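Novice: Dropping in entry.pdb, which is PDB, C-alpha atoms:
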ATOM      1  CA  MET A   3     -51.516 -47.586 -17.423
ATOM      2  CA  VAL A   4     -48.122 -45.850 -17.522
ATOM      3  CA  LEU A   5     -49.015 -44.238 -20.838
ATOM      4  CA  VAL A   6     -52.329 -42.943 -19.447
ATOM      5  CA  ARG A   7     -50.550 -41.525 -16.367
ATOM      6  CA  GLN A   8     -47.943 -39.772 -18.575
ATOM      7  CA  PHE A   9     -50.726 -38.346 -20.725
ATOM      8  CA  MET A  10     -52.516 -37.046 -17.609
ATOM      9  CA  TRP A  11     -49.338 -35.296 -16.390
ATOM     10  CA  ILE A  12     -48.699 -33.772 -19.788
ATOM     11  CA  HIS A  13     -52.324 -32.668 -20.012
ATOM     12  CA  LEU A  14     -52.200 -31.147 -16.503
ATOM     13  CA  PHE A  15     -48.903 -29.390 -17.343
ATOM     14  CA  MET A  16     -50.468 -27.927 -20.522
ATOM     15  CA  ILE A  17     -53.488 -26.643 -18.568
ATOM     16  CA  ILE A  18     -51.253 -24.985 -15.963
ATOM     17  CA  LEU A  19     -49.026 -23.530 -18.675
ATOM     18  CA  ASN A  20     -52.066 -22.229 -20.556
ATOM     19  CA  ILE A  21     -53.452 -20.561 -17.397
ATOM     20  CA  PHE A  22     -50.073 -19.061 -16.535
ATOM     21  CA  CYS A  23     -49.427 -17.778 -20.064
ATOM     22  CA  SER A  24     -52.931 -16.387 -20.466
ATOM     23  CA  LYS A  25     -52.375 -14.317 -17.319
ATOM     24  CA  LEU A  26     -49.146 -12.956 -18.802
ATOM     25  CA  VAL A  27     -50.674 -11.773 -22.057
ATOM     26  CA  GLN A  28     -53.930 -10.241 -20.842
ATOM     27  CA  SER A  29     -54.082  -6.528 -20.182
ATOM     28  CA  GLN A  30     -56.254  -4.959 -17.503
ATOM     29  CA  ASP A  31     -59.148  -4.415 -19.915
ATOM     30  CA  ASN A  32     -58.953  -8.139 -20.849
ATOM     31  CA  THR A  33     -57.545  -7.411 -24.306
ATOM     32  CA  LEU A  34     -55.301 -10.273 -25.362
ATOM     33  CA  LEU A  35     -51.746  -9.106 -26.103
ATOM     34  CA  GLN A  36     -49.200 -11.326 -27.783
ATOM     35  CA  TRP A  37     -45.893 -11.467 -29.619
ATOM     36  CA  GLU A  38     -45.465 -13.553 -32.735
ATOM     37  CA  PHE A  39     -42.062 -14.630 -34.074
ATOM     38  CA  ARG A  40     -41.198 -13.528 -37.623
ATOM     39  CA  PHE A  41     -38.052 -14.600 -39.430
ATOM     40  CA  THR A  42     -35.439 -11.984 -40.243
ATOM     41  CA  PRO A  43     -33.701 -11.802 -43.607
ATOM     42  CA  VAL A  44     -30.639 -14.005 -43.845
ATOM     43  CA  ARG A  45     -28.243 -11.157 -44.632
ATOM     44  CA  ALA A  46     -29.903  -8.319 -42.682
ATOM     45  CA  CYS A  47     -27.798  -6.832 -39.918
ATOM     46  CA  GLU A  48     -24.844  -9.100 -40.592
ATOM     47  CA  THR A  49     -22.540  -6.414 -39.200
ATOM     48  CA  GLY A  50     -24.207  -6.406 -35.790
ATOM     49  CA  LEU A  51     -27.354  -5.104 -34.138
ATOM     50  CA  SER A  52     -25.991  -1.633 -33.360
ATOM     51  CA  THR A  53     -25.684  -0.887 -37.085
ATOM     52  CA  CYS A  54     -29.378  -1.587 -37.758
ATOM     53  CA  ASN A  55     -32.422   0.497 -37.104
ATOM     54  CA  GLN A  56     -36.009   0.347 -38.244
ATOM     55  CA  ALA A  57     -39.180   2.417 -38.554
ATOM     56  CA  SER A  58     -42.730   1.946 -39.794
ATOM     57  CA  LEU A  59     -42.959   2.669 -43.486
ATOM     58  CA  SER A  60     -46.665   2.385 -44.182
ATOM     59  CA  LYS A  61     -49.558   0.303 -42.947
ATOM     60  CA  GLY A  62     -48.293  -3.258 -42.696
ATOM     61  CA  SER A  63     -44.661  -2.573 -43.574
ATOM     62  CA  VAL A  64     -41.437  -1.762 -41.750
ATOM     63  CA  LEU A  65     -38.176  -0.407 -43.149
ATOM     64  CA  LEU A  66     -34.835  -1.679 -41.818
ATOM     65  CA  PHE A  67     -31.501  -0.040 -42.679
ATOM     66  CA  ASP A  68     -28.157  -1.666 -41.890
ATOM     67  CA  GLY A  69     -25.669   1.194 -41.601
ATOM     68  CA  GLY A  70     -22.764  -1.218 -41.413
ATOM     69  CA  ILE A  71     -23.081  -2.352 -45.008
ATOM     70  CA  GLY A  72     -25.702  -0.008 -46.466
ATOM     71  CA  LEU A  73     -28.503  -2.486 -47.129
ATOM     72  CA  THR A  74     -32.162  -1.471 -46.930
ATOM     73  CA  TRP A  75     -34.822  -4.098 -46.208
ATOM     74  CA  LYS A  76     -38.615  -3.950 -46.190
ATOM     75  CA  PHE A  77     -40.816  -6.213 -44.072
ATOM     76  CA  GLN A  78     -44.326  -6.564 -45.493
ATOM     77  CA  LEU A  79     -47.175  -8.041 -43.461
ATOM     78  CA  THR A  80     -50.401  -9.046 -45.183
ATOM     79  CA  PRO A  81     -53.297 -11.102 -43.823
ATOM     80  CA  PHE A  82     -51.890 -14.166 -45.585
ATOM     81  CA  ASN A  83     -48.141 -13.628 -45.639
ATOM     82  CA  ALA A  84     -45.150 -11.985 -43.972
ATOM     83  CA  SER A  85     -41.997 -11.457 -45.978
ATOM     84  CA  TRP A  86     -38.669  -9.603 -46.083
ATOM     85  CA  SER A  87     -37.354  -8.128 -49.305
ATOM     86  CA  LEU A  88     -34.113  -6.369 -50.112
ATOM     87  CA  VAL A  89     -34.772  -2.884 -51.503
ATOM     88  CA  LYS A  90     -32.413  -2.041 -54.349
ATOM     89  CA  THR A  91     -31.564   1.625 -53.869
ATOM     90  CA  SER A  92     -29.329   3.834 -55.989
ATOM     91  CA  ASN A  93     -28.838   6.458 -53.278
ATOM     92  CA  THR A  94     -27.985   5.345 -49.736
ATOM     93  CA  PRO A  95     -27.001   7.179 -46.553
ATOM     94  CA  PRO A  96     -23.248   6.886 -45.981
ATOM     95  CA  ALA A  97     -22.980   3.409 -44.498
ATOM     96  CA  ASP A  98     -19.301   2.545 -44.129
ATOM     97  CA  GLY A  99     -19.896   1.269 -40.598
ATOM     98  CA  ARG A 100     -22.535   3.814 -39.471
ATOM     99  CA  ASP A 101     -24.127   2.778 -36.208
ATOM    100  CA  CYS A 102     -26.093   4.278 -33.302
ATOM    101  CA  PHE A 103     -28.291   6.337 -35.666
ATOM    102  CA  ALA A 104     -32.045   6.865 -35.286
ATOM    103  CA  MET A 105     -34.963   6.450 -37.678
ATOM    104  CA  SER A 106     -38.608   7.420 -37.452
ATOM    105  CA  SER A 107     -41.671   7.454 -39.656
ATOM    106  CA  VAL A 108     -42.377  10.901 -41.045
ATOM    107  CA  GLU A 109     -45.625  10.150 -42.805
ATOM    108  CA  ASP A 110     -47.112   7.215 -44.665
ATOM    109  CA  GLY A 111     -44.412   5.861 -46.978
ATOM    110  CA  LYS A 112     -41.562   8.046 -45.657
ATOM    111  CA  VAL A 113     -38.892   7.397 -43.008
ATOM    112  CA  LEU A 114     -36.376   9.925 -41.634
ATOM    113  CA  LEU A 115     -32.824   8.882 -40.665
ATOM    114  CA  PHE A 116     -30.637  11.257 -38.634
ATOM    115  CA  GLY A 117     -27.119  11.121 -37.196
ATOM    116  CA  GLY A 118     -25.077   8.187 -35.991
ATOM    117  CA  LYS A 119     -21.369   7.531 -35.926
ATOM    118  CA  ASN A 120     -18.580   5.635 -37.609
ATOM    119  CA  GLY A 121     -15.635   5.294 -35.257
ATOM    120  CA  GLY A 122     -14.631   8.899 -34.561
ATOM    121  CA  LYS A 123     -16.875  10.459 -37.246
ATOM    122  CA  ILE A 124     -20.212  11.716 -35.882
ATOM    123  CA  TYR A 125     -22.993  12.493 -38.365
ATOM    124  CA  ALA A 126     -25.539  15.362 -38.409
ATOM    125  CA  ASP A 127     -27.094  14.462 -41.750
ATOM    126  CA  CYS A 128     -30.732  13.846 -42.636
ATOM    127  CA  TRP A 129     -31.995  11.266 -45.099
ATOM    128  CA  ILE A 130     -35.565  10.368 -46.052
ATOM    129  CA  PHE A 131     -36.537   7.009 -47.526
ATOM    130  CA  GLU A 132     -39.404   7.511 -49.971
ATOM    131  CA  GLN A 133     -41.434   4.411 -50.694
ATOM    132  CA  SER A 134     -42.897   5.960 -53.866
ATOM    133  CA  VAL A 135     -39.455   5.755 -55.528
ATOM    134  CA  ASN A 136     -37.956   3.067 -53.224
ATOM    135  CA  ASP A 137     -34.887   5.194 -52.567
ATOM    136  CA  TRP A 138     -33.127   7.403 -50.043
ATOM    137  CA  VAL A 139     -33.082  11.176 -50.571
ATOM    138  CA  HIS A 140     -30.497  13.387 -48.865
ATOM    139  CA  VAL A 141     -32.226  16.297 -47.103
ATOM    140  CA  ASN A 142     -30.121  19.395 -47.592
ATOM    141  CA  ILE A 143     -31.123  21.750 -44.781
ATOM    142  CA  LYS A 144     -29.694  25.243 -45.158
ATOM    143  CA  THR A 145     -29.677  26.366 -41.545
ATOM    144  CA  LYS A 146     -26.803  26.477 -39.104
ATOM    145  CA  ALA A 147     -26.572  25.963 -35.373
ATOM    146  CA  PRO A 148     -28.336  26.887 -33.179
ATOM    147  CA  ASN A 149     -31.196  26.110 -35.632
ATOM    148  CA  PHE A 150     -30.013  22.604 -36.399
ATOM    149  CA  PRO A 151     -29.286  19.657 -34.088
ATOM    150  CA  LYS A 152     -25.629  18.968 -33.333
ATOM    151  CA  ALA A 153     -24.029  15.846 -34.757
ATOM    152  CA  ARG A 154     -24.958  12.994 -32.422
ATOM    153  CA  TYR A 155     -25.414   9.282 -31.878
ATOM    154  CA  ASN A 156     -27.442   7.114 -29.457
ATOM    155  CA  HIS A 157     -30.361   9.530 -29.712
ATOM    156  CA  ALA A 158     -34.084   8.779 -29.884
ATOM    157  CA  MET A 159     -36.664   9.823 -32.453
ATOM    158  CA  ALA A 160     -40.439   9.376 -32.576
ATOM    159  CA  SER A 161     -43.119  10.276 -35.069
ATOM    160  CA  LEU A 162     -45.701  12.803 -33.877
ATOM    161  CA  GLY A 163     -47.829  12.410 -36.993
ATOM    162  CA  GLU A 164     -48.665  14.992 -39.661
ATOM    163  CA  GLY A 165     -45.063  15.029 -40.953
ATOM    164  CA  LYS A 166     -43.471  15.878 -37.605
ATOM    165  CA  VAL A 167     -40.641  13.949 -35.886
ATOM    166  CA  PHE A 168     -39.399  14.503 -32.341
ATOM    167  CA  LEU A 169     -35.655  14.068 -31.663
ATOM    168  CA  PHE A 170     -34.247  13.819 -28.138
ATOM    169  CA  GLY A 171     -30.803  13.573 -26.571
ATOM    170  CA  GLY A 172     -27.903  11.434 -27.629
ATOM    171  CA  THR A 173     -24.146  11.818 -27.334
ATOM    172  CA  SER A 174     -22.200  14.627 -29.052
ATOM    173  CA  GLU A 175     -18.792  14.592 -30.759
ATOM    174  CA  ASP A 176     -17.054  15.516 -27.487
ATOM    175  CA  GLU A 177     -18.835  12.622 -25.686
ATOM    176  CA  THR A 178     -21.226  14.999 -23.875
ATOM    177  CA  ASP A 179     -24.660  13.583 -23.060
ATOM    178  CA  LEU A 180     -27.229  15.786 -24.763
ATOM    179  CA  ASN A 181     -30.668  16.519 -23.328
ATOM    180  CA  ASP A 182     -32.012  18.804 -26.034
ATOM    181  CA  CYS A 183     -35.256  18.363 -27.989
ATOM    182  CA  TRP A 184     -35.795  19.115 -31.659
ATOM    183  CA  LEU A 185     -38.841  19.040 -33.911
ATOM    184  CA  PHE A 186     -38.394  18.136 -37.587
ATOM    185  CA  ASP A 187     -41.293  19.231 -39.790
ATOM    186  CA  VAL A 188     -41.525  17.991 -43.357
TER     187      VAL A 188
END
What would you get if you wrote out this structure as structure tokens?

Specialist:
Amino acid sequence: MVLVRQFMWIHLFMIILNIFCSKLVQSQDNTLLQWEFRFTPVRACETGLSTCNQASLSKGSVLLFDGGIGLTWKFQLTPFNASWSLVKTSNTPPADGRDCFAMSSVEDGKVLLFGGKNGGKIYADCWIFEQSVNDWVHVNIKTKAPNFPKARYNHAMASLGEGKVFLFGGTSEDETDLNDCWLFDV
């Protein structure tokens, strides 16, 4: 009898939990929304979360760069598997403790990295990861301010599609909060 009563309470608790959780994950148009846990690579971001950033690489994959130690990781999601792999690159953005940088997809198979800092050094460099060669390429832009964003960190970037990336704000070398907008066009 005690076992049946415990089972009834557990069953009732599961029903209530299911109702409560289903309310949390349903949107207004009744589309079910959910998060699913995926393991991270053992050595990824071992220098701390502020040194890592990520961006979509192509359909079903995400690129992660750890600026603290210069490692590049790729997360690949297929219908039957999800896995992390270390990308062996011969050319890497200066890592030596780089943090607070931003990354964004540029187009399918390409990710743009801009800025960041390492202690007192603030970066204004551009790098593109190209999946076709599995490597980083330094983008040498031959314009000068005011036609180029100032060195910055803690900024935001977003892909606008068709090879365009939007960059907003951040903090400059003299610790000024920036509120400028830039458009990068590949």

Novice: List as a compact mmCIF listing (two decimals) with C-alpha atoms, keeping the file's coordinate frame the protein and nucleic acid residues near A:Ala153, meaning an atom at most 9 Å away when only C-alpha atoms are counted, but skip any in the same chain fewer than 4 places from it.

Specialist:
# COMPACT_ATOMS: atom_id res chain seq x y z
CA PHE A 116 -30.64 11.26 -38.63
CA GLY A 117 -27.12 11.12 -37.20
CA GLY A 118 -25.08 8.19 -35.99
CA LYS A 119 -21.37 7.53 -35.93
CA ILE A 124 -20.21 11.72 -35.88
CA TYR A 125 -22.99 12.49 -38.36
CA ALA A 126 -25.54 15.36 -38.41
CA ASP A 127 -27.09 14.46 -41.75
CA THR A 173 -24.15 11.82 -27.33
CA SER A 174 -22.20 14.63 -29.05
CA GLU A 175 -18.79 14.59 -30.76

Novice: Given 6 Å on each side, where is the centre and what are the edge lengths in Å to one decimal of the axis-aligned box enclosing the listed atoms of stretch 59-77 of chain A, as lines of an AutoDock Vina configuration file?

Specialist:
center_x = -36.2
center_y = -1.8
center_z = -44.3
size_x = 38.8
size_y = 20.9
size_z = 17.7

Novice: Written as a PyMOL selection string, which residues does the PyMOL selection byres ((chain A and resi 104-106) around 12) give for the file shown?

Specialist: chain A and resi 52-60+64-69+95+100-103+107-119+125-131+154-163+165-172+186

Novice: Rounded to one decimal in Å, what is the spacing between atom CA of A:Phe77 and atom CA of A:Glu132?

Specialist: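 Pair atom CA of A:Phe77 / atom CA of A:Glu132 returns 15.0 Å.
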
Novice: Quick one: distance from atom CA of A:Gly99 to atom CA of A:Glu177 in Å, one decimal?

Specialist: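 Answer for the atom CA of A:Gly99 to atom CA of A:Glu177 separation: 18.8 Å.
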
Novice: What gap, in Å, lies between atom CA of A:Pro151 and atom CA of A:Asp137?

Specialist: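 One can read the atom CA of A:Pro151 to atom CA of A:Asp137 distance as 24.1 Å.
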